[in-house]
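Peer 1: The structure that follows is given in the form of structure tokens.
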Amino acid sequence: MRRPLLAAAGLYALGAVALFGRTVVLHPQTTVVGDGGADKTLYLWAFEWWPFALAHGRNPLDVTVDWVPHGFDLGLGTAGGGLALLAAPLTWAAGAVATYNVLALAAPALGATTAFLLAYLVTRRFWPSLVGGWVFGFSSYEQGHLLGHLPLAFVALVPLVPCLVLWRLRGTLSRRAYVALLALVLAGECLIVTQVYFSLILIGAVAMLVYRRSALLLESAAGLALSVLLVSPLLVYAAVSHAAAPVRSPFAESADVLGFVVPTRRTWLRPPGSGAIAAGFTGTGAELGAYLGVPLLVLVVLALRRRDRRPLGVLLASAALLSLGTRIKVAGTVVGIGPWTVLARLPLVGSALPVRLTLYTSLLAGLLVALALADKNSRMRWALAVCGIAATLPNLSLPTWHSPVPQPALFARGAAAIPRGADVLVLPYGPGGWSMLWQAEAGFRFRMVGGHFAVRVTPQEEQWRDVYTGINGGRVTPARFRAFLAAHDVSRIVVAPGTRRGARRLVAAVAPPPQRIADALV
């Protein structure tokens with residue numbers, strides 16, 4: 001078992017580097033996996049923040065260095081805290097950017113490896129399992145979140161849950177070992193990203209209803225309860241905190257029925273006319289993760305011809321149906337009510353994105369593809385597998401798979417010109433720039449007004465929404481901006497490279513002549 005697993009892991013690692021790391025491996029500290037958007041700066045910041053907060057005796061969920069003067073409450077998430085703690089030695093040695101690149105390239109390879117393990121436990125065949133692991137680890141879901149959502153892309157723990165179930169059913173694990181290992185896997189996933197933790201519980205509950213194994217149900221419930229105990233500090237903090245959930249749409253951020261068979265521009269091979277259909281999909285770029293393609297779906301259907309696999313088909317259909325959100329759409333046109341309509345009314349669930357359940361459709365599809373290939377060693381099936389992999393390869397001509405890291409010299413030198421503990425407004429602001437990374441690289445020397453935590457404006461700052469949303473474009477009157485600076489006790493404004501002309505004019509209208517330090521104005 002060890003040799004096939006290591007061989008598969010090596011092949012997947014080569015695939016990850018070939019697809020996503022060709023430029024990054026040559027410049028690991030100045031180039032980053034993914035697009036140039038600011039979403040990833042939250043996780044780059046978290047790599048530095050979690051070790052810093054714990055080393056200084058602070059609660060890492062209670063962020064006091066951003067969104068001053070009120071701070072920011074991470075009560076509903078961890079910003080990838082589990083990954084930050086796991087990679088802390090690497091961050092200390094090589095910095096946040098290099099650490100991010102290592103984990104981003106490891107994410108698809110490790111996810112594919114654990115999916116390979118699941119398929120191999122079922123089929124005992126190397127090559128079919130290798131294909132099944134690839135379908136999951138390099139899926140459209142994975143490709144989308146590699147653009148900037150590292151914790152959501154780091155899904156290696158998800159296939160381990162059904163692996164533990166199989167080992168328990170076969171008697172390889174004792175009851176105590178199963179409960180303990182299940183609790184550890186679930187707790188680890190919660191530390192990485194809470195949304196996948198809760199979706200694992202949801203899909204696990206559906207699986208228990210489908211398979212109806214009462215003995216395993218009790219043991220799994222015990223494992224879940226133990227995981228809750230392990231992460232209870234996080235859950236208790238979330239229950240008593242006043243964290244603001246991001247404003248998200250379970251209607252827009254949901255899968256389209258045709259999204260499973262029609263690729264987006266992020267995919268390499270696209271049939272004629274597919275672009276016009278995909279244009280109707282409502283999800284944002286990173287969330288368009290449903291695509292499996294016709295060849296792989298044909299193999300899925302072939303695998304489901306056996307009666308004993310019907311529960312797998314029901315589970316796959318359930319995950320796909322849930323991913324459709326509150327309204328079922330075909331090429332963007334609403335044709336019916338989706339099951340998420342009920343779930344969206346539950347506490348916390350309303351901020352979850354149903355399209356992210358395509359994580360489970362890709363896992364189940366990968367397992368069924370492996371079963372189809374193991375059932376019959378035919379040229380037709382292997383041709384479908386090759387075509388299916390080719391059909392889901394990323395479109396490497398897009399400039400979104402690696403990006404240069406903006407690194408103003410002012411922050412690269414430690415921001416010594418900024419007084420320690422000062423309240424600072426950094427431009428470009430929040431989602432328009434990489435200020436989160438710059439603050440982290442400066443060792444949290446200064447506190448920052450605002451930030452980029454998925455929430456555009458916190459409830460405590462609602463009265464200043466017009467400033468936060470208009471500052472990068474300079475769409476704020478000087479009088480209003482001056483009042484904002486006074487209310488937040490801002491002592492320094494940093495105008496970094498990339499700041500738009502309107503914002504520069506706004507700063508010039510309210511601030512004294514700036515000091516040029518390296519490539520920035522202070």
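Following the order of the structure tokens, first chain is A, next is B, and so on, with residues numbered from 1 inside each chain and ligands from 1 in the order they appear.
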Show which residues sit within 9 Å of Val476 of chain A, as an MDAnalysis selection string. Count only C-alpha atoms, and ignore same-chain residues fewer than 3 positions away.

Peer 2: chainID A and resid 466:467 470:471 473 479:481 503 506

Peer 1: Quick one: residues within 12 Å of Ala383 of chain A, only C-alpha atoms, excluding same-chain residues fewer than 3 positions away - as a list in words?

Peer 2: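 Once the adjacent positions are removed, what remains is Val131, Pro295, Leu296, Val298, Leu299, Leu373, Asn377, Ser378, Arg379, Met380, Val386, Cys387, Gly388, Ile389, Ala390 and Ala391 of chain A.
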
Peer 1: Near Arg124 of chain A, counting only C-alpha atoms, which residues have an atom at most 10 Å away, once you skip same-chain residues fewer than 4 positions from it, shown as an MDAnalysis selection string?

Peer 2: chainID A and resid 1 117:120 128:129 371 374

Peer 1: Write out, as an mmCIF file, in the first residue's frame, the residues just selected, with C-alpha atoms.

Peer 2:
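again-v4.cif, written as the output of this step:
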data_model
loop_
_atom_site.group_PDB
_atom_site.id
_atom_site.type_symbol
_atom_site.label_atom_id
_atom_site.label_comp_id
_atom_site.auth_asym_id
_atom_site.auth_seq_id
_atom_site.Cartn_x
_atom_site.Cartn_y
_atom_site.Cartn_z
ATOM 1 C CA MET A 1 0.000 0.000 0.000
ATOM 2 C CA LEU A 117 -6.064 6.311 -1.181
ATOM 3 C CA LEU A 118 -9.858 6.157 -1.028
ATOM 4 C CA ALA A 119 -10.151 4.800 -4.562
ATOM 5 C CA TYR A 120 -7.374 2.271 -3.959
ATOM 6 C CA PRO A 128 -7.854 3.480 -12.043
ATOM 7 C CA SER A 129 -7.205 4.945 -8.588
ATOM 8 C CA LEU A 371 -14.619 2.010 -10.210
ATOM 9 C CA ALA A 374 -11.471 -1.090 -12.563
#

Peer 1: Please return as a PyMOL selection string: the residues of segment 431-498 of chain A that backbone DSSP assigns to helix (DSSP H, G or I).

Peer 2: chain A and resi 431-432+435-441+459-470+478-487

Peer 1: Would you mind exporting the chosen residues as a PDB file, in the first residue's frame, restricted to N, CA and C atoms?

Peer 2:
ATOM      1  N   PRO A 431      -9.426  45.757  -0.280  1.00  0.00           N
ATOM      2  CA  PRO A 431      -9.557  44.876  -1.435  1.00  0.00           C
ATOM      3  C   PRO A 431      -8.870  45.408  -2.682  1.00  0.00           C
ATOM      4  N   GLY A 432      -8.430  46.657  -2.650  1.00  0.00           N
ATOM      5  CA  GLY A 432      -7.767  47.235  -3.816  1.00  0.00           C
ATOM      6  C   GLY A 432      -6.260  47.059  -3.807  1.00  0.00           C
ATOM      7  N   SER A 435      -2.254  45.516   1.314  1.00  0.00           N
ATOM      8  CA  SER A 435      -1.823  46.099   2.581  1.00  0.00           C
ATOM      9  C   SER A 435      -1.795  45.081   3.714  1.00  0.00           C
ATOM     10  N   MET A 436      -2.643  44.061   3.652  1.00  0.00           N
ATOM     11  CA  MET A 436      -2.630  43.034   4.702  1.00  0.00           C
ATOM     12  C   MET A 436      -1.266  42.335   4.749  1.00  0.00           C
ATOM     13  N   LEU A 437      -0.743  41.992   3.591  1.00  0.00           N
ATOM     14  CA  LEU A 437       0.573  41.354   3.533  1.00  0.00           C
ATOM     15  C   LEU A 437       1.654  42.302   4.020  1.00  0.00           C
ATOM     16  N   TRP A 438       1.577  43.571   3.614  1.00  0.00           N
ATOM     17  CA  TRP A 438       2.620  44.528   3.993  1.00  0.00           C
ATOM     18  C   TRP A 438       2.651  44.736   5.500  1.00  0.00           C
ATOM     19  N   GLN A 439       1.481  44.770   6.118  1.00  0.00           N
ATOM     20  CA  GLN A 439       1.450  44.909   7.573  1.00  0.00           C
ATOM     21  C   GLN A 439       2.094  43.703   8.243  1.00  0.00           C
ATOM     22  N   ALA A 440       1.796  42.513   7.727  1.00  0.00           N
ATOM     23  CA  ALA A 440       2.363  41.298   8.304  1.00  0.00           C
ATOM     24  C   ALA A 440       3.872  41.253   8.125  1.00  0.00           C
ATOM     25  N   GLU A 441       4.347  41.630   6.933  1.00  0.00           N
ATOM     26  CA  GLU A 441       5.783  41.601   6.676  1.00  0.00           C
ATOM     27  C   GLU A 441       6.531  42.626   7.518  1.00  0.00           C
ATOM     28  N   PRO A 459     -19.979  46.029  11.117  1.00  0.00           N
ATOM     29  CA  PRO A 459     -21.141  46.753  11.656  1.00  0.00           C
ATOM     30  C   PRO A 459     -20.759  48.015  12.429  1.00  0.00           C
ATOM     31  N   GLN A 460     -19.632  47.976  13.157  1.00  0.00           N
ATOM     32  CA  GLN A 460     -19.229  49.145  13.935  1.00  0.00           C
ATOM     33  C   GLN A 460     -18.815  50.315  13.046  1.00  0.00           C
ATOM     34  N   GLU A 461     -18.469  50.025  11.800  1.00  0.00           N
ATOM     35  CA  GLU A 461     -17.985  51.058  10.886  1.00  0.00           C
ATOM     36  C   GLU A 461     -19.012  51.415   9.818  1.00  0.00           C
ATOM     37  N   GLU A 462     -20.228  50.979  10.003  1.00  0.00           N
ATOM     38  CA  GLU A 462     -21.258  51.186   8.985  1.00  0.00           C
ATOM     39  C   GLU A 462     -21.444  52.671   8.651  1.00  0.00           C
ATOM     40  N   GLN A 463     -21.279  53.535   9.623  1.00  0.00           N
ATOM     41  CA  GLN A 463     -21.465  54.971   9.369  1.00  0.00           C
ATOM     42  C   GLN A 463     -20.424  55.535   8.395  1.00  0.00           C
ATOM     43  N   TRP A 464     -19.323  54.782   8.206  1.00  0.00           N
ATOM     44  CA  TRP A 464     -18.260  55.214   7.306  1.00  0.00           C
ATOM     45  C   TRP A 464     -18.227  54.386   6.031  1.00  0.00           C
ATOM     46  N   ARG A 465     -19.308  53.696   5.700  1.00  0.00           N
ATOM     47  CA  ARG A 465     -19.328  52.823   4.521  1.00  0.00           C
ATOM     48  C   ARG A 465     -18.946  53.593   3.251  1.00  0.00           C
ATOM     49  N   ASP A 466     -19.451  54.816   3.115  1.00  0.00           N
ATOM     50  CA  ASP A 466     -19.156  55.566   1.896  1.00  0.00           C
ATOM     51  C   ASP A 466     -17.666  55.824   1.724  1.00  0.00           C
ATOM     52  N   VAL A 467     -16.973  55.994   2.852  1.00  0.00           N
ATOM     53  CA  VAL A 467     -15.528  56.230   2.774  1.00  0.00           C
ATOM     54  C   VAL A 467     -14.795  54.956   2.384  1.00  0.00           C
ATOM     55  N   TYR A 468     -15.142  53.838   3.039  1.00  0.00           N
ATOM     56  CA  TYR A 468     -14.453  52.579   2.756  1.00  0.00           C
ATOM     57  C   TYR A 468     -14.664  52.135   1.303  1.00  0.00           C
ATOM     58  N   THR A 469     -15.862  52.354   0.801  1.00  0.00           N
ATOM     59  CA  THR A 469     -16.141  51.896  -0.559  1.00  0.00           C
ATOM     60  C   THR A 469     -15.683  52.880  -1.629  1.00  0.00           C
ATOM     61  N   GLY A 470     -15.443  54.127  -1.248  1.00  0.00           N
ATOM     62  CA  GLY A 470     -15.083  55.121  -2.251  1.00  0.00           C
ATOM     63  C   GLY A 470     -13.665  55.615  -2.205  1.00  0.00           C
ATOM     64  N   PRO A 478     -13.292  65.895   0.532  1.00  0.00           N
ATOM     65  CA  PRO A 478     -12.204  66.140   1.488  1.00  0.00           C
ATOM     66  C   PRO A 478     -12.699  66.322   2.914  1.00  0.00           C
ATOM     67  N   ALA A 479     -13.840  67.007   3.085  1.00  0.00           N
ATOM     68  CA  ALA A 479     -14.360  67.221   4.441  1.00  0.00           C
ATOM     69  C   ALA A 479     -14.730  65.895   5.096  1.00  0.00           C
ATOM     70  N   ARG A 480     -15.389  65.026   4.344  1.00  0.00           N
ATOM     71  CA  ARG A 480     -15.769  63.721   4.876  1.00  0.00           C
ATOM     72  C   ARG A 480     -14.534  62.883   5.186  1.00  0.00           C
ATOM     73  N   PHE A 481     -13.554  62.929   4.323  1.00  0.00           N
ATOM     74  CA  PHE A 481     -12.321  62.167   4.523  1.00  0.00           C
ATOM     75  C   PHE A 481     -11.560  62.671   5.746  1.00  0.00           C
ATOM     76  N   ARG A 482     -11.534  63.993   5.919  1.00  0.00           N
ATOM     77  CA  ARG A 482     -10.852  64.569   7.075  1.00  0.00           C
ATOM     78  C   ARG A 482     -11.535  64.131   8.380  1.00  0.00           C
ATOM     79  N   ALA A 483     -12.872  64.073   8.367  1.00  0.00           N
ATOM     80  CA  ALA A 483     -13.599  63.611   9.557  1.00  0.00           C
ATOM     81  C   ALA A 483     -13.314  62.133   9.837  1.00  0.00           C
ATOM     82  N   PHE A 484     -13.202  61.348   8.779  1.00  0.00           N
ATOM     83  CA  PHE A 484     -12.887  59.918   8.915  1.00  0.00           C
ATOM     84  C   PHE A 484     -11.514  59.734   9.552  1.00  0.00           C
ATOM     85  N   LEU A 485     -10.529  60.478   9.087  1.00  0.00           N
ATOM     86  CA  LEU A 485      -9.172  60.355   9.627  1.00  0.00           C
ATOM     87  C   LEU A 485      -9.136  60.748  11.097  1.00  0.00           C
ATOM     88  N   ALA A 486      -9.869  61.796  11.449  1.00  0.00           N
ATOM     89  CA  ALA A 486      -9.888  62.237  12.843  1.00  0.00           C
ATOM     90  C   ALA A 486     -10.574  61.217  13.738  1.00  0.00           C
ATOM     91  N   ALA A 487     -11.684  60.644  13.264  1.00  0.00           N
ATOM     92  CA  ALA A 487     -12.429  59.669  14.066  1.00  0.00           C
ATOM     93  C   ALA A 487     -11.615  58.406  14.315  1.00  0.00           C
TER      94      ALA A 487
END

Peer 1: Could you pull out the residues in segment 341-491 of chain A that DSSP calls strand (DSSP E or B) from the backbone, as a PyMOL selection string?

Peer 2: chain A and resi 394+402-404+423-427+447-448+453+455

Peer 1: Taking only C-alpha atoms into account, name the residue in A:His402, A:Lys40, A:Arg310, A:Arg516 that is nearest to Phe453 of chain A.

Peer 2: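 Result for the nearest residue to Phe453 of chain A: A:Lys40.
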
Peer 1: Using only C-alpha atoms, which residues sit within 10 Å of segment 353-359 of chain A once same-chain residues fewer than 2 positions away are excluded, as number ranges by chain?

Peer 2: A: 136-137, 139-142, 145, 152-153, 155, 158, 195-196, 199-200, 202-203, 248-256, 260, 283, 287-292, 316, 318-326, 340, 343-344, 349-351, 361-364

Peer 1: Would you list the contacts of Leu90 of chain A as a PDB file with N, CA and C atoms, in the first residue's frame, taking every protein, DNA or RNA residue within 12 Å and counting only C-alpha atoms, but skipping same-chain residues closer than 2 positions in sequence?

Peer 2:
ATOM      1  N   PHE A  47      -0.678  33.760   8.053  1.00  0.00           N
ATOM      2  CA  PHE A  47       0.539  32.984   8.300  1.00  0.00           C
ATOM      3  C   PHE A  47       1.436  33.676   9.320  1.00  0.00           C
ATOM      4  N   GLU A  48       1.439  35.008   9.290  1.00  0.00           N
ATOM      5  CA  GLU A  48       2.241  35.759  10.251  1.00  0.00           C
ATOM      6  C   GLU A  48       1.466  36.054  11.539  1.00  0.00           C
ATOM      7  N   PRO A  51       1.022  32.887  14.537  1.00  0.00           N
ATOM      8  CA  PRO A  51       2.190  32.712  15.414  1.00  0.00           C
ATOM      9  C   PRO A  51       2.500  33.963  16.234  1.00  0.00           C
ATOM     10  N   LEU A  83      -3.585  25.995   8.963  1.00  0.00           N
ATOM     11  CA  LEU A  83      -2.457  25.981   8.030  1.00  0.00           C
ATOM     12  C   LEU A  83      -1.342  26.895   8.535  1.00  0.00           C
ATOM     13  N   ALA A  84      -1.712  28.038   9.108  1.00  0.00           N
ATOM     14  CA  ALA A  84      -0.710  28.969   9.612  1.00  0.00           C
ATOM     15  C   ALA A  84       0.132  28.331  10.709  1.00  0.00           C
ATOM     16  N   LEU A  85      -0.504  27.590  11.611  1.00  0.00           N
ATOM     17  CA  LEU A  85       0.236  26.939  12.691  1.00  0.00           C
ATOM     18  C   LEU A  85       1.070  25.784  12.157  1.00  0.00           C
ATOM     19  N   LEU A  86       0.505  25.027  11.216  1.00  0.00           N
ATOM     20  CA  LEU A  86       1.246  23.901  10.629  1.00  0.00           C
ATOM     21  C   LEU A  86       2.513  24.371   9.937  1.00  0.00           C
ATOM     22  N   ALA A  87       2.409  25.500   9.236  1.00  0.00           N
ATOM     23  CA  ALA A  87       3.526  25.987   8.421  1.00  0.00           C
ATOM     24  C   ALA A  87       4.351  27.049   9.131  1.00  0.00           C
ATOM     25  N   ALA A  88       4.151  27.249  10.431  1.00  0.00           N
ATOM     26  CA  ALA A  88       4.855  28.319  11.140  1.00  0.00           C
ATOM     27  C   ALA A  88       6.374  28.230  11.008  1.00  0.00           C
ATOM     28  N   TRP A  92       8.597  31.250   9.334  1.00  0.00           N
ATOM     29  CA  TRP A  92       9.704  31.881  10.053  1.00  0.00           C
ATOM     30  C   TRP A  92      10.982  31.856   9.230  1.00  0.00           C
ATOM     31  N   ALA A  93      11.203  30.764   8.498  1.00  0.00           N
ATOM     32  CA  ALA A  93      12.452  30.614   7.749  1.00  0.00           C
ATOM     33  C   ALA A  93      12.417  31.293   6.389  1.00  0.00           C
ATOM     34  N   ALA A  94      11.266  31.247   5.705  1.00  0.00           N
ATOM     35  CA  ALA A  94      11.230  31.692   4.308  1.00  0.00           C
ATOM     36  C   ALA A  94      10.262  32.835   4.045  1.00  0.00           C
ATOM     37  N   GLY A  95       9.392  33.158   4.992  1.00  0.00           N
ATOM     38  CA  GLY A  95       8.437  34.235   4.782  1.00  0.00           C
ATOM     39  C   GLY A  95       7.081  33.745   4.328  1.00  0.00           C
ATOM     40  N   ALA A  96       6.098  34.630   4.403  1.00  0.00           N
ATOM     41  CA  ALA A  96       4.709  34.247   4.131  1.00  0.00           C
ATOM     42  C   ALA A  96       4.478  33.896   2.672  1.00  0.00           C
ATOM     43  N   VAL A  97       5.108  34.614   1.742  1.00  0.00           N
ATOM     44  CA  VAL A  97       4.857  34.379   0.323  1.00  0.00           C
ATOM     45  C   VAL A  97       5.350  33.002  -0.090  1.00  0.00           C
ATOM     46  N   ALA A  98       6.575  32.652   0.286  1.00  0.00           N
ATOM     47  CA  ALA A  98       7.109  31.334  -0.056  1.00  0.00           C
ATOM     48  C   ALA A  98       6.287  30.225   0.592  1.00  0.00           C
ATOM     49  N   THR A  99       5.855  30.451   1.824  1.00  0.00           N
ATOM     50  CA  THR A  99       5.024  29.455   2.510  1.00  0.00           C
ATOM     51  C   THR A  99       3.707  29.255   1.783  1.00  0.00           C
ATOM     52  N   TYR A 100       3.102  30.350   1.379  1.00  0.00           N
ATOM     53  CA  TYR A 100       1.842  30.258   0.635  1.00  0.00           C
ATOM     54  C   TYR A 100       2.040  29.432  -0.625  1.00  0.00           C
ATOM     55  N   ASN A 101       3.126  29.663  -1.345  1.00  0.00           N
ATOM     56  CA  ASN A 101       3.371  28.928  -2.587  1.00  0.00           C
ATOM     57  C   ASN A 101       3.561  27.442  -2.338  1.00  0.00           C
ATOM     58  N   VAL A 102       4.281  27.099  -1.289  1.00  0.00           N
ATOM     59  CA  VAL A 102       4.478  25.681  -0.971  1.00  0.00           C
ATOM     60  C   VAL A 102       3.140  25.004  -0.691  1.00  0.00           C
ATOM     61  N   LEU A 103       2.312  25.639   0.120  1.00  0.00           N
ATOM     62  CA  LEU A 103       1.019  25.049   0.469  1.00  0.00           C
ATOM     63  C   LEU A 103       0.065  25.039  -0.721  1.00  0.00           C
TER      64      LEU A 103
END

Peer 1: What's the 7 Å shell around Leu410 of chain A, counting only C-alpha atoms, without same-chain residues fewer than 5 positions away, as a ChimeraX atom specification?

Peer 2: /A:415,517-520

Peer 1: With all heavy atoms retained, write the just-selected residues as a PDB file, in the first residue's frame.

Peer 2:
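Dumped to part28.pdb:
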ATOM      1  N   ALA A 415       9.382  48.978   7.485  1.00  0.00           N
ATOM      2  CA  ALA A 415       8.535  50.147   7.774  1.00  0.00           C
ATOM      3  C   ALA A 415       9.029  50.906   8.994  1.00  0.00           C
ATOM      4  O   ALA A 415       8.246  51.398   9.807  1.00  0.00           O
ATOM      5  CB  ALA A 415       7.083  49.711   7.956  1.00  0.00           C
ATOM      6  N   ILE A 517       9.578  58.072   1.001  1.00  0.00           N
ATOM      7  CA  ILE A 517      10.458  57.061   1.589  1.00  0.00           C
ATOM      8  C   ILE A 517      10.487  55.876   0.637  1.00  0.00           C
ATOM      9  O   ILE A 517       9.473  55.200   0.450  1.00  0.00           O
ATOM     10  CB  ILE A 517       9.969  56.630   2.984  1.00  0.00           C
ATOM     11  CG1 ILE A 517       9.872  57.840   3.908  1.00  0.00           C
ATOM     12  CG2 ILE A 517      10.897  55.583   3.574  1.00  0.00           C
ATOM     13  CD1 ILE A 517       9.313  57.533   5.279  1.00  0.00           C
ATOM     14  N   ALA A 518      11.645  55.672   0.032  1.00  0.00           N
ATOM     15  CA  ALA A 518      11.783  54.627  -0.984  1.00  0.00           C
ATOM     16  C   ALA A 518      10.775  54.890  -2.102  1.00  0.00           C
ATOM     17  O   ALA A 518      10.779  55.955  -2.698  1.00  0.00           O
ATOM     18  CB  ALA A 518      11.629  53.239  -0.354  1.00  0.00           C
ATOM     19  N   ASP A 519       9.866  53.952  -2.338  1.00  0.00           N
ATOM     20  CA  ASP A 519       8.921  54.109  -3.445  1.00  0.00           C
ATOM     21  C   ASP A 519       7.520  54.476  -2.966  1.00  0.00           C
ATOM     22  O   ASP A 519       6.547  54.335  -3.702  1.00  0.00           O
ATOM     23  CB  ASP A 519       8.861  52.825  -4.264  1.00  0.00           C
ATOM     24  CG  ASP A 519       8.583  51.593  -3.403  1.00  0.00           C
ATOM     25  OD1 ASP A 519       8.510  51.754  -2.164  1.00  0.00           O
ATOM     26  OD2 ASP A 519       8.466  50.494  -3.962  1.00  0.00           O
ATOM     27  N   ALA A 520       7.401  54.953  -1.734  1.00  0.00           N
ATOM     28  CA  ALA A 520       6.087  55.297  -1.178  1.00  0.00           C
ATOM     29  C   ALA A 520       6.108  56.725  -0.643  1.00  0.00           C
ATOM     30  O   ALA A 520       7.162  57.316  -0.378  1.00  0.00           O
ATOM     31  CB  ALA A 520       5.703  54.323  -0.073  1.00  0.00           C
TER      32      ALA A 520
END
